[in-house]
Amino acid sequence: MQKTLDRLLTCLAWLSGGGTLLAVSLLLVFLASHGMPGIDAALFFGDTPWLDALLARKPIFGGIWPALVGTFSLVFLASVFSIPLGIASGIYLAEYASDHRHSLLDFMVDLLSGTPSIVMGLFGFTAILALRKTFLPGARTGLLLAGLCIGLLVLPYVIRTTESALEGIPDHLRLLGPSLGLTRWQNINKVLLPLAGRGILSGAILAVGRAAEDTAVILLTGVVAHAGIPGSLADKFEALPFRIYYLAAEHRSPQELEQGFATALVLLLLTGLLFLAAVLLQRSVERRWKTR
Amino acid sequence: MCAGSLALAILSLVVAYPAALGICTLVHGLARGLSARFLLALVHFMTSIPTVVYGFVSVFLLVPRLREWFAVGSGFSLLAAVLTLSLLILPTITLVLHSRMEQLDPTLRLAAEAMGFTPVQQVRCVLLPAAARGLTAAAVLGFGRAVGDTLVSLMLAGNAAQFPHSLFASIRTLTAHIGLVLATDSQSMAYQSVFAAGLLLFLLTGAVSLLIRKSGGKNRGL
Amino acid sequence: MTERAAPIVEVSDLTVSFSGKPVLDAVTLSLWTGRITVLVGSSGSGKTTLLRAINRLNECFPHCRTEGAVRLKLEGRSGDIYKDFLPLPEVRRRVGMVFQTPAVLPFSILKNLTLPLRVTLGIWGNVLSDRVERALQEVSLWDEVKDRLQDAATTLSGGQQQRLCLARILALEPRVLLLDEPTASLDFRTTHKIEELLARLKERYAILAVSHSLSQVRRLADRVLVLREGRIAQELDPQHLQDTHAFQALLDEVF
């Protein structure tokens with residue numbers, strides 16, 4: 001009986017390890033082989049000459065440049081909103097909050113990070129409905145709203161990494177500031193934050209990656225298939241993940257399908273690079289504490 | 001749709017959870033050193049693959065195969081969504097389990113080693129029971145991720161609002177329902193159901209957070 | 001030795017507890033400039049807590065309760081540091097502390113020294129570099145690092161790091177030094193260097209040190225306090241220490 005269990009677990013272990021490896025490699029190989037041929041200037045700018053496209057002199061048809069710009073604007077807006085707020089909340093949780101408040105806020109952050117992104121999108125959508133009924137009849141979904149909602153979605157990442165980066169500082173360095181006569185805020189600002197900097201940065205990068213890939217939120221807050229480059233914060237916009245989703249369902253020609261693969265590959269490379277950056281930063285943080 | 005969401009989430013968990021257990025057994029017992037680290041790196045990397053990419057690849061890789069092999073319907077089905085979604089939640093579950101087991105590892109392993117256990121026995125008789133709370137937390141967290149996911153079910157499950165009577169049936173989840181109704185801007189009475197679905201989802205994931213808190217694990221939002 | 005001078009620190013009836021669990025119980029002691037007082041005791045006897053009570057560092061830990069008084073004498077004034085005698089940051093500047101592990105920040109050597117000066121005292125320019133040089137001279141580190149002030153402080157050896165920490169405190173012009181096993185992480189030769197340094201520094205500062213090494217206690221101490229379960233169980237002067245029997249008794253009791 002015991003022997004059988006052991007054997008079963010061994011089988012399960014190798015099977016799941018192998019299966020996962022197989023699934024991920026299949027995914028990558030499939031995507032690379034179908035997507036690689038499609039990555040060229042035409043993928044980004046369609047038939048428009050790239051200089052004109054970059055300077056926004058001519059509109060772009062068929063290229064993913066507007067989607068790329070849309071995604072970058074989204075990420076930028078979400079970061080502007082979530083990174084300062086997240087770092088501040090993380091500092092509060094790690095350094096200031098009393099036990100009682102800590103557990104309450106901790107739960108709030110858990111709740112926020114558990115909320116499905118579509119519900120976050122629904123929240124944004126409802127907010128616009130409410131605004132429209134009350135004092136802003138012209139309100140509509142668009143870039144700013146989507147940025148705010150995505151910011152809310154990634155906020156818990158920033159809070160958690162800030163908190164754990166601060167709590168990970170060894171005691172003898174944590175006490176150093178106060179023992180030299182620094183006030184609490186001076187200690188946080190001049191000693192603890194610089195020490196936790198790389199950890200916080202890696203959290204911010206993960207948040208950016210998450211903001212770049214989310215589709216469900218923007219689905220409800222103003223993404224459209226053809227919008228061109230957004231001219232203002234209230235405009236509808238395009239985004240890479242939505243374009244992939246859209247092309248999967250509505251491609252009308254093999255060319256469009258190829259563009260879908262290429263776009264998926266571009267997005268994967270983008271989030272993969274962000275992920276790599278975050279991992280490297282995290283490693284260097286761990287190495288630093290281990291050397292002493 | 002509630003049944004659709006639950007069926008999808010539970011089935012995905014049924015596929016992904018044993019796989020996560022298996023991977024943790026490999027990492028903490030059978031495969032040491034480089035291969036274990038490679039496997040862990042792979043799982044970490046999986047968290048960075050966008051959901052929409054999982055969905056997109058499945059639409060063109062998995063769905064046609066399902067259509068060929070089983071010759072039932074279009075291939076857009078509960079089964080397609082389950083397979084993809086379990087891949088999506090696998091890293092979440094694995095990493096929670098792994099971090100719990102890693103905390104226990106050094107002292108317990110030495111004790112187990114001293115008792116003459118083989119690596120598999122160490123995992124089965126010592127590490128897994130000791131990580132019991134991590135086991136529940138990982139399952140609950142995985143369930144929460146599965147219920148909350150929109151894209152995979154929207155792209156792969158077929159979206160017919162019906163009871164999931166078989167693996168090959170086309171189903172619609174609560175999350176996909178919200179997306180479909182609002183994105184297509186239909187001004188029907190389905191509008192009300194969207195908010196009901198949203199509230200239900202929020203309560204469900206709230207309950208998940210509460211459960212994780214009770215089981216002592218931390219929802220690090222992976 | 002300034003035997004009859006007034007003490008610079010007077011601790012009376014000091015009781016400290018964490019989460020209701022008493023760690024120090026009615027401790028009374030005094031510190032004088034010109035003397036090194038060494039605290040010995042088994043682990044858990046409250047040595048570190050006693051040190052941290054004198055610069056109010058215990059307050060950085062949750063659920064800490066302190067009763068009793070710690071009176072500090074500064075330039076003719078004196079008062080209880082737990083009763084608004086001085087602002088908290090100034091208390092901690094006047095009562096400097098060095099930790100067991102060298103607590104250098106992963107910045108440059110120079111920044112390790114200038115950061116607290118700039119932040120707490122707002123010192124800039126020439127005054128700043130003068131103070132830095134003086135502090136480094138005082139711990140005989142100046143010649144070793146004067147050409148590499150911009151290097152990372154973590155590139156220094158363990159002994160150099162600990163002297164850097166000492167210099168950082170001295171630059172803030174304290175009156176009292178609290179040393180929590182300052183040589184515990186260092187080798188024999190570096191330990192000696194630090195001990196020589198402390199013997200020189202005691203002329204100008206009151207020093208309270210925790211030590212785990214009896215030979216160090218013998219070399220360094222002008223007075224030894226034995227702490228047991230949060231109380232001062234015994235006070236020994238140097239004559240006692242040279243006495244083999246008394247020394248053996250101490251050995252049995254503490255270690």
# chains A, B, ... in the order shown; residues from 1 in each chain; ligands from 1
>>> interface_residues(of="chain C", to="chain A", cutoff="8 Å", atoms="only C-alpha atoms", output="ChimeraX atom specification")
/C:55,57,60,88-93,96-97,99,101,103-106,115-116,119-120,169,172
>>> interface_residues(of="chain B", to="chain A", cutoff="8 Å", atoms="only C-alpha atoms", output="PyMOL selection string")
chain B and resi 18-26+30+39+42+45-46+48-54+56-57+59+61+87+120-121+124+144-145+148-151+155+175+178-179+182-183+198+201-202+205-206+208-210+213+219-221
>>> select_by_dssp(residues="range 133-206 of chain C", states="helix (DSSP H, G or I)", output="ChimeraX atom specification")
/C:133-138,142-145,153-155,158-170,188-201
>>> residues_around(residues="Ala137 in chain B", least_positions_apart="3", cutoff="12 Å", atoms="only C-alpha atoms", output="MDAnalysis selection string")
chainID B and resid 17 92:100 131:134 140:144 208:220
>>> write_last_selection(atoms="C-alpha atoms", output="PDB file, in the first residue's frame")
ATOM      1  CA  TYR B  17      -4.084  20.940  -8.282  1.00  0.00           C
ATOM      2  CA  THR B  92      -0.481  30.323  -8.726  1.00  0.00           C
ATOM      3  CA  ILE B  93      -1.165  27.062  -6.889  1.00  0.00           C
ATOM      4  CA  THR B  94       2.350  25.726  -7.339  1.00  0.00           C
ATOM      5  CA  LEU B  95       4.033  28.862  -6.024  1.00  0.00           C
ATOM      6  CA  VAL B  96       1.843  29.042  -2.921  1.00  0.00           C
ATOM      7  CA  LEU B  97       2.532  25.374  -2.147  1.00  0.00           C
ATOM      8  CA  HIS B  98       6.202  25.791  -2.891  1.00  0.00           C
ATOM      9  CA  SER B  99       6.673  28.800  -0.647  1.00  0.00           C
ATOM     10  CA  ARG B 100       4.958  27.014   2.225  1.00  0.00           C
ATOM     11  CA  ALA B 131       2.311  22.082   4.911  1.00  0.00           C
ATOM     12  CA  ALA B 132      -1.378  21.229   5.408  1.00  0.00           C
ATOM     13  CA  ARG B 133      -2.468  24.838   5.789  1.00  0.00           C
ATOM     14  CA  GLY B 134      -0.603  25.781   2.652  1.00  0.00           C
ATOM     15  CA  VAL B 140      -8.726  28.212  -2.352  1.00  0.00           C
ATOM     16  CA  LEU B 141      -6.510  30.751  -4.071  1.00  0.00           C
ATOM     17  CA  GLY B 142      -6.486  28.685  -7.254  1.00  0.00           C
ATOM     18  CA  PHE B 143     -10.273  28.486  -7.157  1.00  0.00           C
ATOM     19  CA  GLY B 144     -10.509  32.246  -6.741  1.00  0.00           C
ATOM     20  CA  VAL B 208     -12.092  33.302  -0.973  1.00  0.00           C
ATOM     21  CA  SER B 209      -9.956  36.066   0.568  1.00  0.00           C
ATOM     22  CA  LEU B 210     -11.628  35.449   3.908  1.00  0.00           C
ATOM     23  CA  LEU B 211     -11.004  31.703   3.685  1.00  0.00           C
ATOM     24  CA  ILE B 212      -7.349  32.211   2.833  1.00  0.00           C
ATOM     25  CA  ARG B 213      -7.019  34.521   5.794  1.00  0.00           C
ATOM     26  CA  LYS B 214      -8.587  31.923   8.038  1.00  0.00           C
ATOM     27  CA  SER B 215      -6.264  29.221   6.759  1.00  0.00           C
ATOM     28  CA  GLY B 216      -3.312  31.445   7.581  1.00  0.00           C
ATOM     29  CA  GLY B 217      -1.956  31.755   4.085  1.00  0.00           C
ATOM     30  CA  LYS B 218      -1.322  35.101   2.486  1.00  0.00           C
ATOM     31  CA  ASN B 219      -2.856  36.129  -0.763  1.00  0.00           C
ATOM     32  CA  ARG B 220       0.127  37.640  -2.491  1.00  0.00           C
TER      33      ARG B 220
END
>>> atom_distance(atom1="CA of Leu68 in chain A", atom2="CA of Ile87 in chain A")
27.1 Å
>>> residues_around(residues="Ile64 in chain A", least_positions_apart="6", cutoff="9 Å", atoms="only C-alpha atoms", output="PyMOL selection string")
chain A and resi 42-46+238-240+243+259+263
>>> write_last_selection(atoms="C-alpha atoms", output="short mmCIF file (atom, residue, chain, number, x, y, z; two decimals), in the first residue's frame")
data_model
loop_
_atom_site.label_atom_id
_atom_site.label_comp_id
_atom_site.auth_asym_id
_atom_site.auth_seq_id
_atom_site.Cartn_x
_atom_site.Cartn_y
_atom_site.Cartn_z
CA ALA A 42 4.16 46.55 -41.71
CA LEU A 43 2.97 44.84 -38.53
CA PHE A 44 3.41 48.06 -36.61
CA PHE A 45 2.57 50.72 -39.17
CA GLY A 46 0.49 49.02 -41.87
CA GLU A 238 -6.78 50.51 -28.86
CA ALA A 239 -4.65 48.11 -26.84
CA LEU A 240 -2.45 45.13 -27.64
CA ARG A 243 -6.36 43.47 -30.42
CA GLN A 259 -0.99 39.69 -37.55
CA THR A 263 0.86 40.72 -32.00
#
>>> residues_around(residues="Tyr205 in chain C", least_positions_apart="2", cutoff="9 Å", atoms="only C-alpha atoms", output="list in words")
Trp32, Thr33, Gly34, Arg35, Ile36, Pro174, Arg175, Val176, Leu177, Leu201, Lys202, Glu203 and Ile207 of chain C
>>> write_last_selection(atoms="N, CA and C atoms", output="tab-separated table (two decimals), in the first residue's frame")
chain	number	residue	atom	x	y	z
C	32	TRP	N	29.68	56.58	34.69
C	32	TRP	CA	30.53	57.76	34.80
C	32	TRP	C	31.40	57.90	33.57
C	33	THR	N	31.70	59.15	33.22
C	33	THR	CA	32.70	59.38	32.18
C	33	THR	C	34.05	58.88	32.71
C	34	GLY	N	34.82	58.22	31.81
C	34	GLY	CA	36.13	57.75	32.24
C	34	GLY	C	36.12	56.31	32.70
C	35	ARG	N	34.98	55.68	32.63
C	35	ARG	CA	34.92	54.29	33.07
C	35	ARG	C	34.20	53.43	32.07
C	36	ILE	N	34.67	52.22	31.91
C	36	ILE	CA	33.94	51.26	31.10
C	36	ILE	C	33.21	50.31	32.03
C	174	PRO	N	28.41	62.29	20.99
C	174	PRO	CA	27.63	61.74	22.10
C	174	PRO	C	28.37	61.94	23.43
C	175	ARG	N	27.71	61.66	24.55
C	175	ARG	CA	28.38	61.67	25.84
C	175	ARG	C	28.51	60.25	26.38
C	176	VAL	N	27.61	59.39	25.91
C	176	VAL	CA	27.57	58.03	26.42
C	176	VAL	C	27.64	57.07	25.22
C	177	LEU	N	28.37	55.97	25.37
C	177	LEU	CA	28.40	54.97	24.30
C	177	LEU	C	27.83	53.65	24.82
C	201	LEU	N	39.01	55.78	24.28
C	201	LEU	CA	37.78	56.59	24.21
C	201	LEU	C	37.15	56.83	25.57
C	202	LYS	N	37.42	55.94	26.53
C	202	LYS	CA	36.71	56.05	27.80
C	202	LYS	C	37.07	57.32	28.55
C	203	GLU	N	38.23	57.94	28.19
C	203	GLU	CA	38.59	59.19	28.85
C	203	GLU	C	37.54	60.25	28.61
C	207	ILE	N	31.06	54.64	29.03
C	207	ILE	CA	30.81	53.49	28.16
C	207	ILE	C	30.12	52.38	28.92
>>> atom_distance(atom1="CA of Leu145 in chain A", atom2="CA of Arg132 in chain A")
13.4 Å
>>> residues_around(residues="Leu128 in chain B", least_positions_apart="5", cutoff="8 Å", atoms="only C-alpha atoms", output="JSON list (two decimals) with C-alpha atoms, in the first residue's frame")
[["chain", "number", "residue", "atom", "x", "y", "z"],
["B", 101, "MET", "CA", 7.08, 23.90, 1.75],
["B", 123, "VAL", "CA", 7.47, 14.63, 0.63],
["B", 135, "LEU", "CA", -2.45, 22.99, 0.87]]
>>> atom_distance(atom1="CA of Pro230 in chain A", atom2="CA of Phe72 in chain A")
11.3 Å
